[in-house]
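Shown next: structure.txt, given as compact mmCIF, C-alpha atoms.
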```txt
# COMPACT_ATOMS: atom_id res chain seq x y z
CA MET M 12 18.97 26.78 10.14
CA PHE M 13 15.91 26.39 12.35
CA SER M 14 14.47 29.88 11.99
CA GLU M 15 13.72 29.45 8.28
CA GLN M 16 11.67 26.27 8.80
CA SER M 17 7.93 26.34 8.19
CA LEU M 18 5.39 26.81 10.97
CA VAL M 19 4.25 23.19 10.56
CA THR M 20 7.78 21.87 11.09
CA ARG M 21 8.37 23.97 14.18
CA LEU M 22 5.00 23.07 15.71
CA ILE M 23 5.70 19.35 15.30
CA TRP M 24 9.13 19.71 16.88
CA ILE M 25 7.66 21.66 19.79
CA SER M 26 4.94 19.04 20.30
CA LEU M 27 7.56 16.28 20.35
CA LEU M 28 9.67 18.17 22.89
CA PHE M 29 6.57 18.62 25.04
CA SER M 30 5.79 14.88 24.74
CA ILE M 31 9.32 13.99 25.81
CA ALA M 32 9.19 16.30 28.84
CA GLU M 33 5.71 15.14 29.89
CA SER M 34 6.61 11.47 29.48
CA LEU M 35 9.76 11.83 31.57
CA VAL M 36 7.81 13.53 34.36
CA LEU M 37 5.11 10.81 34.31
CA GLY M 38 7.64 8.02 34.01
CA ARG M 39 6.39 6.86 30.62
CA TRP M 40 9.82 5.87 29.38
CA SER M 41 8.79 4.08 26.18
CA LEU M 42 6.77 7.08 24.99
CA ALA M 43 9.65 9.42 25.81
CA PHE M 44 12.00 7.18 23.81
CA ILE M 45 9.72 7.03 20.76
CA ALA M 46 9.17 10.79 20.83
CA ALA M 47 12.93 11.36 21.09
CA VAL M 48 13.62 8.98 18.19
CA THR M 49 10.96 10.72 16.08
CA LEU M 50 12.44 14.13 16.87
CA GLY M 51 15.97 12.95 16.11
CA LEU M 52 15.06 11.33 12.80
CA SER M 53 13.02 14.33 11.68
CA MET M 54 15.98 16.64 12.35
CA THR M 55 18.62 14.39 10.80
CA PRO M 56 18.19 15.72 7.22
CA LEU M 57 19.03 19.23 8.43
CA TYR M 58 22.36 18.16 9.92
CA VAL M 59 23.21 15.92 6.96
CA ALA M 60 22.43 18.76 4.56
CA ARG M 61 24.54 21.16 6.59
CA TRP M 62 27.45 18.71 6.58
CA MET M 63 27.13 18.33 2.79
CA HIS M 64 26.66 22.09 2.30
CA VAL M 65 23.21 21.60 0.78
CA ARG M 66 20.36 24.02 1.38
CA VAL M 67 17.14 22.08 1.89
CA PRO M 68 13.98 24.10 1.12
CA PRO M 69 11.51 24.45 4.03
CA SER M 70 8.86 22.67 1.94
CA PHE M 71 11.12 19.60 1.56
CA MET M 72 11.87 19.67 5.27
CA ALA M 73 8.20 19.97 6.21
CA ALA M 74 7.38 16.94 4.07
CA VAL M 75 10.10 14.87 5.76
CA VAL M 76 9.02 15.93 9.25
CA LEU M 77 5.36 15.19 8.53
CA PHE M 78 6.23 11.75 7.19
CA VAL M 79 8.45 10.76 10.12
CA TRP M 80 5.94 12.14 12.62
CA GLY M 81 3.02 10.42 10.93
CA THR M 82 4.79 7.09 10.51
CA ILE M 83 6.52 6.65 13.86
CA PHE M 84 4.70 8.84 16.37
CA LEU M 85 1.09 8.93 15.18
CA GLY M 86 1.26 5.53 13.49
CA GLU M 87 2.78 3.61 16.37
CA VAL M 88 2.04 5.59 19.56
CA PHE M 89 -1.52 6.54 18.67
CA ASP M 90 -2.13 3.40 16.61
CA PHE M 91 -3.27 5.33 13.53
CA TYR M 92 -2.53 2.33 11.30
CA ASN M 93 -5.25 0.30 13.01
CA ARG M 94 -7.62 3.16 13.81
CA TYR M 95 -7.71 4.55 10.27
CA TRP M 96 -7.61 2.13 7.35
CA TRP M 97 -6.37 4.84 4.99
CA TRP M 98 -3.38 5.93 7.13
CA ASP M 99 -1.01 3.35 5.64
CA ILE M 100 -2.04 4.41 2.14
CA VAL M 101 -1.32 8.07 2.88
CA MET M 102 2.08 7.28 4.38
CA HIS M 103 3.17 4.98 1.54
CA GLY M 104 1.80 7.22 -1.18
CA GLY M 105 3.37 10.34 0.31
CA SER M 106 6.76 8.70 0.73
CA ALA M 107 6.71 7.36 -2.84
CA ILE M 108 5.94 10.83 -4.21
CA GLY M 109 8.77 12.24 -2.11
CA PHE M 110 11.27 9.63 -3.30
CA GLY M 111 10.18 10.31 -6.87
CA LEU M 112 11.11 13.96 -6.39
CA ILE M 113 14.38 13.02 -4.70
CA GLY M 114 15.23 10.67 -7.57
CA THR M 115 14.69 13.52 -10.03
CA VAL M 116 16.97 15.84 -8.07
CA LEU M 117 19.66 13.17 -7.69
CA VAL M 118 19.94 12.57 -11.44
CA LEU M 119 19.99 16.31 -12.09
CA ILE M 120 22.86 16.65 -9.64
CA MET M 121 24.75 13.76 -11.29
CA PHE M 122 24.60 15.45 -14.69
CA GLN M 123 24.57 19.02 -13.36
CA GLY M 124 21.23 19.42 -15.08
CA ASP M 125 22.53 18.59 -18.56
CA ARG M 126 19.36 17.86 -20.52
CA TYR M 127 21.27 16.36 -23.41
CA ALA M 128 23.11 13.87 -21.20
CA ALA M 129 19.94 13.08 -19.27
CA PRO M 130 16.71 13.99 -21.12
CA PRO M 131 13.53 14.57 -19.07
CA ILE M 132 11.95 11.21 -19.91
CA ALA M 133 15.09 9.34 -18.79
CA ILE M 134 15.26 11.29 -15.53
CA ALA M 135 11.57 10.66 -14.89
CA PHE M 136 12.04 6.93 -15.50
CA PHE M 137 14.97 6.78 -13.09
CA ALA M 138 13.02 8.74 -10.48
CA TYR M 139 10.13 6.28 -10.82
CA CYS M 140 12.45 3.26 -10.46
CA PHE M 141 14.23 4.86 -7.52
CA ALA M 142 10.98 5.46 -5.62
CA VAL M 143 9.63 1.97 -6.35
CA SER M 144 12.90 0.32 -5.28
CA ILE M 145 12.81 2.16 -1.95
CA GLY M 146 9.21 1.02 -1.41
CA ALA M 147 10.09 -2.57 -2.30
CA SER M 148 13.09 -2.51 0.05
CA TRP M 149 10.81 -1.39 2.87
CA GLU M 150 8.50 -4.35 2.23
CA VAL M 151 11.50 -6.67 2.43
CA PHE M 152 12.38 -5.04 5.74
CA GLU M 153 8.82 -5.58 7.06
CA PHE M 154 8.90 -9.25 6.00
CA SER M 155 12.31 -9.76 7.62
CA MET M 156 11.18 -8.21 10.90
CA ASP M 157 8.07 -10.38 11.00
CA GLN M 158 10.03 -13.55 10.29
CA LEU M 159 13.01 -12.88 12.54
CA PHE M 160 11.42 -11.09 15.49
CA GLY M 161 7.78 -12.11 15.34
CA THR M 162 6.42 -8.61 14.71
CA ASN M 163 3.31 -7.89 12.69
CA MET M 164 4.45 -5.16 10.34
CA GLN M 165 2.83 -6.82 7.32
CA LYS M 166 -0.56 -6.89 9.04
CA SER M 167 -2.59 -9.04 6.60
CA GLY M 168 0.47 -10.50 4.92
CA LEU M 169 0.43 -10.69 1.13
CA ARG M 170 -2.59 -8.41 0.73
CA ASP M 171 -0.91 -5.72 2.83
CA THR M 172 2.37 -6.05 0.93
CA MET M 173 0.77 -5.93 -2.52
CA GLY M 174 -1.47 -3.03 -1.51
CA ASP M 175 1.55 -1.08 -0.29
CA LEU M 176 3.48 -1.82 -3.50
CA ILE M 177 0.56 -0.67 -5.66
CA VAL M 178 0.34 2.58 -3.70
CA ASP M 179 4.12 2.97 -4.03
CA HIS M 180 3.84 2.63 -7.81
CA VAL M 181 1.11 5.27 -8.01
CA GLY M 182 3.04 7.66 -5.78
CA ALA M 183 6.23 7.07 -7.76
CA ILE M 184 4.43 7.92 -10.99
CA LEU M 185 3.12 11.16 -9.49
CA GLY M 186 6.54 12.17 -8.18
CA ALA M 187 8.32 11.28 -11.43
CA SER M 188 5.65 13.09 -13.45
CA ALA M 189 6.23 16.24 -11.41
CA GLY M 190 9.94 15.98 -12.20
CA PHE M 191 9.19 15.49 -15.89
CA ALA M 192 6.87 18.52 -15.91
CA TYR M 193 9.52 20.64 -14.25
CA LEU M 194 12.18 19.64 -16.77
CA LYS M 195 9.80 20.42 -19.61
CA GLY M 196 9.36 23.93 -18.23
CA GLN M 197 5.79 23.35 -17.02
CA GLU M 198 6.13 24.61 -13.44
CA ARG M 199 2.66 25.01 -12.01
CA GLY M 200 3.36 25.16 -8.31
CA GLY M 201 2.94 22.28 -5.91
CA LEU M 202 5.47 19.49 -6.43
CA THR M 203 7.25 21.23 -9.31
CA ARG M 204 7.74 24.29 -7.13
CA MET M 205 9.51 22.13 -4.55
CA ILE M 206 12.01 20.99 -7.18
CA ASP M 207 12.47 24.52 -8.48
CA ASP M 208 13.06 25.79 -4.95
CA PHE M 209 15.76 23.17 -4.37
CA VAL M 210 17.48 24.06 -7.65
CA LYS M 211 17.43 27.79 -6.88
CA ARG M 212 18.87 27.24 -3.40
CA ASN M 213 21.69 25.03 -4.68
CA PRO M 214 22.78 26.51 -8.03
CA ARG M 215 26.30 25.03 -7.84
CA PHE M 216 24.83 21.56 -8.47
CA PHE M 217 22.89 22.60 -11.57
CA LYS M 218 25.21 24.74 -13.66
CA LYS M 219 24.39 23.08 -16.98
CA LEU M 220 20.67 23.22 -16.27
CA LYS M 221 20.87 26.95 -15.75
CA ASP M 222 22.91 27.36 -18.95
CA TRP M 223 20.29 25.33 -20.83
CA GLN M 224 17.48 27.45 -19.41
CA HIS M 225 19.23 30.67 -20.39
CA LYS M 226 19.72 29.45 -23.96
CA HIS M 227 16.11 28.24 -24.08
CA ASP M 228 14.87 31.65 -22.88
CA ASP M 229 17.00 33.47 -25.48
CA THR M 230 15.53 31.41 -28.32
```
Conversion result in structure tokens:
Amino acid sequence: MFSEQSLVTRLIWISLLFSIAESLVLGRWSLAFIAAVTLGLSMTPLYVARWMHVRVPPSFMAAVVLFVWGTIFLGEVFDFYNRYWWWDIVMHGGSAIGFGLIGTVLVLIMFQGDRYAAPPIAIAFFAYCFAVSIGASWEVFEFSMDQLFGTNMQKSGLRDTMGDLIVDHVGAILGASAGFAYLKGQERGGLTRMIDDFVKRNPRFFKKLKDWQHKHDDT
């Protein structure tokens, strides 16, 4: 399960383990806690996938680990959100693209890849809506935290919220477009390769898609 992960994933996990050990030795309890939470959250998809008997491609896993590491550890511990104005854009855009891909895969699983029951344009639209709804829910969470606990997750308030939502929309379009391109048989690497890798590793979820592809190849 761990041996097949990418070098990037393993390096991040090792760096987090080192941070935990160093922080415990130096008595920096808050840093040790944040590093442990980051490590735990970044590993959670592996255990959930194993419980559900789903094989997650290393590329998917690397994307999740990078996002969690960048959001919680670099963003909060090293204050990347304030040090680099573009960090929030990268995190929101990357997550929206990822949720767009996840939305595509979820609909394919629901219909077992049946292109007649769920045509590419419909799947792409759902993937877009799924990614945007996740982004909007996060903004509601930020607002609630600021109002209830006096945090400053929204930074500049309305401008920050609207900027994040715009980035979420752009990222959602990119992720959904990759799903649409894959379903139209236009795999060109990158994001479409990630979807293809997931499908190949979990064929039992996409029986009708494979049947459709075989018939398409024969014609």
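Ranking M:Ala189, M:Ile132, M:Phe13, M:Thr115 by their shortest atom-to-atom distance to Arg61 of chain M, with all atoms listed in the file included, puts M:Phe13 first.
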_As an exercise, work out the distance from atom CA of Met156 of chain M to atom CA of Thr49 of chain M in Å and give it to one decimal place._
19.6 Å
_My list of candidates is M:Phe136, M:Phe160, M:Phe122, M:Tyr193. Which is closest to Phe216 of chain M when distances are computed with all atoms listed in the file?_
M:Phe122
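The neighbours of segment 161-173 of chain M here are the residues that come within 12 Å of it, using all atoms listed in the file and leaving out any residue fewer than 2 positions away in the same chain; they are Gly86, Glu87, Tyr92, Asn93, Trp96, Asp99, Ile100, His103, Gly146, Ala147, Ser148, Trp149, Glu150, Val151, Phe152, Glu153, Phe154, Ser155, Met156, Asp157, Gln158, Leu159, Asp175, Leu176, Ile177, Val178, Asp179 and His180 of chain M.
Proximity of M:Val75, M:Ala133, M:Leu27, M:Ser70 to Arg204 of chain M, computed with only C-alpha atoms, is greatest for M:Ser70.
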*asked:* Counting all atoms listed in the file, which residue out of M:Tyr95, M:Phe141, M:Trp80, M:Phe209 sits closest to Leu22 of chain M?
replied: M:Trp80
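Distances from M:Phe84, M:Trp24, M:Phe191, M:Phe29 to Leu119 of chain M were compared using all atoms listed in the file, and the smallest one belongs to M:Phe191.
Nearest to Phe78 of chain M of all the residues M:Tyr58, M:Val65, M:Ser53, M:Leu202 is M:Ser53, counting all atoms listed in the file.
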*asked:* List the spatial neighbours of Ala73 of chain M as a PyMOL selection string - criterion: any atom at most 12 Å away, only C-alpha atoms, same-chain residues fewer than 4 positions off excluded.
replied: chain M and resi 13+15-24+53-54+56-57+67-69+77-81+109+205
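Here atom CA of Gly201 of chain M and atom CA of Trp62 of chain M stand 27.7 Å from one another.
For the point (4.9, 12.5, -1.5), the residues with at least one atom inside 9 Å, counting all atoms listed in the file, are Ala74, Phe78, Val101, Met102, His103, Gly104, Gly105, Ser106, Ala107, Ile108, Gly109, Phe110, Gly111, Leu112, Gly182, Ala183, Leu185, Gly186 and Leu202 of chain M.
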*Please provide the set of residues having any atom within 10 Å of Phe137 of chain M, restricted to only C-alpha atoms, with same-chain residues fewer than 5 positions apart removed, written as number ranges by chain.*
M: 111, 114-115, 117-118, 131-132, 142-143, 187
Would you mind putting N, CA, C and O atoms back on segment 83-102 of chain M and writing the result as a PDB file, in the frame of the given file?
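Here's the written file selection06.pdb:
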```pdb
ATOM      1  N   ILE M  83       6.036   7.188  12.578  1.00  0.00           N
ATOM      2  CA  ILE M  83       6.520   6.650  13.860  1.00  0.00           C
ATOM      3  C   ILE M  83       5.634   7.058  15.024  1.00  0.00           C
ATOM      4  O   ILE M  83       5.143   6.208  15.780  1.00  0.00           O
ATOM      5  N   PHE M  84       5.395   8.360  15.169  1.00  0.00           N
ATOM      6  CA  PHE M  84       4.700   8.840  16.370  1.00  0.00           C
ATOM      7  C   PHE M  84       3.196   8.591  16.302  1.00  0.00           C
ATOM      8  O   PHE M  84       2.630   7.903  17.148  1.00  0.00           O
ATOM      9  N   LEU M  85       2.539   9.130  15.281  1.00  0.00           N
ATOM     10  CA  LEU M  85       1.090   8.930  15.180  1.00  0.00           C
ATOM     11  C   LEU M  85       0.757   7.482  14.833  1.00  0.00           C
ATOM     12  O   LEU M  85      -0.194   6.901  15.376  1.00  0.00           O
ATOM     13  N   GLY M  86       1.547   6.897  13.930  1.00  0.00           N
ATOM     14  CA  GLY M  86       1.260   5.530  13.490  1.00  0.00           C
ATOM     15  C   GLY M  86       1.423   4.499  14.575  1.00  0.00           C
ATOM     16  O   GLY M  86       0.577   3.605  14.722  1.00  0.00           O
ATOM     17  N   GLU M  87       2.483   4.621  15.363  1.00  0.00           N
ATOM     18  CA  GLU M  87       2.780   3.610  16.370  1.00  0.00           C
ATOM     19  C   GLU M  87       2.224   3.978  17.757  1.00  0.00           C
ATOM     20  O   GLU M  87       1.567   3.172  18.404  1.00  0.00           O
ATOM     21  N   VAL M  88       2.475   5.194  18.215  1.00  0.00           N
ATOM     22  CA  VAL M  88       2.040   5.590  19.560  1.00  0.00           C
ATOM     23  C   VAL M  88       0.526   5.697  19.653  1.00  0.00           C
ATOM     24  O   VAL M  88      -0.094   5.195  20.595  1.00  0.00           O
ATOM     25  N   PHE M  89      -0.076   6.354  18.658  1.00  0.00           N
ATOM     26  CA  PHE M  89      -1.520   6.540  18.670  1.00  0.00           C
ATOM     27  C   PHE M  89      -2.268   5.517  17.825  1.00  0.00           C
ATOM     28  O   PHE M  89      -3.472   5.649  17.597  1.00  0.00           O
ATOM     29  N   ASP M  90      -1.530   4.533  17.324  1.00  0.00           N
ATOM     30  CA  ASP M  90      -2.130   3.400  16.610  1.00  0.00           C
ATOM     31  C   ASP M  90      -2.977   3.827  15.415  1.00  0.00           C
ATOM     32  O   ASP M  90      -4.037   3.262  15.148  1.00  0.00           O
ATOM     33  N   PHE M  91      -2.508   4.841  14.677  1.00  0.00           N
ATOM     34  CA  PHE M  91      -3.270   5.330  13.530  1.00  0.00           C
ATOM     35  C   PHE M  91      -3.422   4.273  12.448  1.00  0.00           C
ATOM     36  O   PHE M  91      -4.396   4.282  11.702  1.00  0.00           O
ATOM     37  N   TYR M  92      -2.458   3.351  12.344  1.00  0.00           N
ATOM     38  CA  TYR M  92      -2.530   2.330  11.300  1.00  0.00           C
ATOM     39  C   TYR M  92      -3.741   1.424  11.487  1.00  0.00           C
ATOM     40  O   TYR M  92      -4.346   0.964  10.505  1.00  0.00           O
ATOM     41  N   ASN M  93      -4.092   1.149  12.737  1.00  0.00           N
ATOM     42  CA  ASN M  93      -5.250   0.300  13.010  1.00  0.00           C
ATOM     43  C   ASN M  93      -6.545   1.101  13.146  1.00  0.00           C
ATOM     44  O   ASN M  93      -7.624   0.610  12.840  1.00  0.00           O
ATOM     45  N   ARG M  94      -6.427   2.337  13.606  1.00  0.00           N
ATOM     46  CA  ARG M  94      -7.620   3.160  13.810  1.00  0.00           C
ATOM     47  C   ARG M  94      -8.184   3.704  12.502  1.00  0.00           C
ATOM     48  O   ARG M  94      -9.383   3.895  12.366  1.00  0.00           O
ATOM     49  N   TYR M  95      -7.297   3.976  11.560  1.00  0.00           N
ATOM     50  CA  TYR M  95      -7.710   4.550  10.270  1.00  0.00           C
ATOM     51  C   TYR M  95      -7.156   3.684   9.140  1.00  0.00           C
ATOM     52  O   TYR M  95      -5.945   3.630   8.941  1.00  0.00           O
ATOM     53  N   TRP M  96      -8.035   3.062   8.398  1.00  0.00           N
ATOM     54  CA  TRP M  96      -7.610   2.130   7.350  1.00  0.00           C
ATOM     55  C   TRP M  96      -6.792   2.811   6.264  1.00  0.00           C
ATOM     56  O   TRP M  96      -5.956   2.194   5.607  1.00  0.00           O
ATOM     57  N   TRP M  97      -7.026   4.116   6.076  1.00  0.00           N
ATOM     58  CA  TRP M  97      -6.370   4.840   4.990  1.00  0.00           C
ATOM     59  C   TRP M  97      -5.007   5.412   5.389  1.00  0.00           C
ATOM     60  O   TRP M  97      -4.296   5.969   4.543  1.00  0.00           O
ATOM     61  N   TRP M  98      -4.634   5.308   6.675  1.00  0.00           N
ATOM     62  CA  TRP M  98      -3.380   5.930   7.130  1.00  0.00           C
ATOM     63  C   TRP M  98      -2.160   5.336   6.430  1.00  0.00           C
ATOM     64  O   TRP M  98      -1.253   6.058   6.012  1.00  0.00           O
ATOM     65  N   ASP M  99      -2.137   4.018   6.293  1.00  0.00           N
ATOM     66  CA  ASP M  99      -1.010   3.350   5.640  1.00  0.00           C
ATOM     67  C   ASP M  99      -0.902   3.777   4.179  1.00  0.00           C
ATOM     68  O   ASP M  99       0.197   3.943   3.648  1.00  0.00           O
ATOM     69  N   ILE M 100      -2.045   3.974   3.538  1.00  0.00           N
ATOM     70  CA  ILE M 100      -2.040   4.410   2.140  1.00  0.00           C
ATOM     71  C   ILE M 100      -1.445   5.805   2.009  1.00  0.00           C
ATOM     72  O   ILE M 100      -0.623   6.076   1.111  1.00  0.00           O
ATOM     73  N   VAL M 101      -1.844   6.696   2.908  1.00  0.00           N
ATOM     74  CA  VAL M 101      -1.320   8.070   2.880  1.00  0.00           C
ATOM     75  C   VAL M 101       0.183   8.082   3.097  1.00  0.00           C
ATOM     76  O   VAL M 101       0.927   8.781   2.388  1.00  0.00           O
ATOM     77  N   MET M 102       0.652   7.300   4.064  1.00  0.00           N
ATOM     78  CA  MET M 102       2.080   7.280   4.380  1.00  0.00           C
ATOM     79  C   MET M 102       2.899   6.703   3.214  1.00  0.00           C
ATOM     80  O   MET M 102       3.926   7.258   2.821  1.00  0.00           O
TER      81      MET M 102
END
```
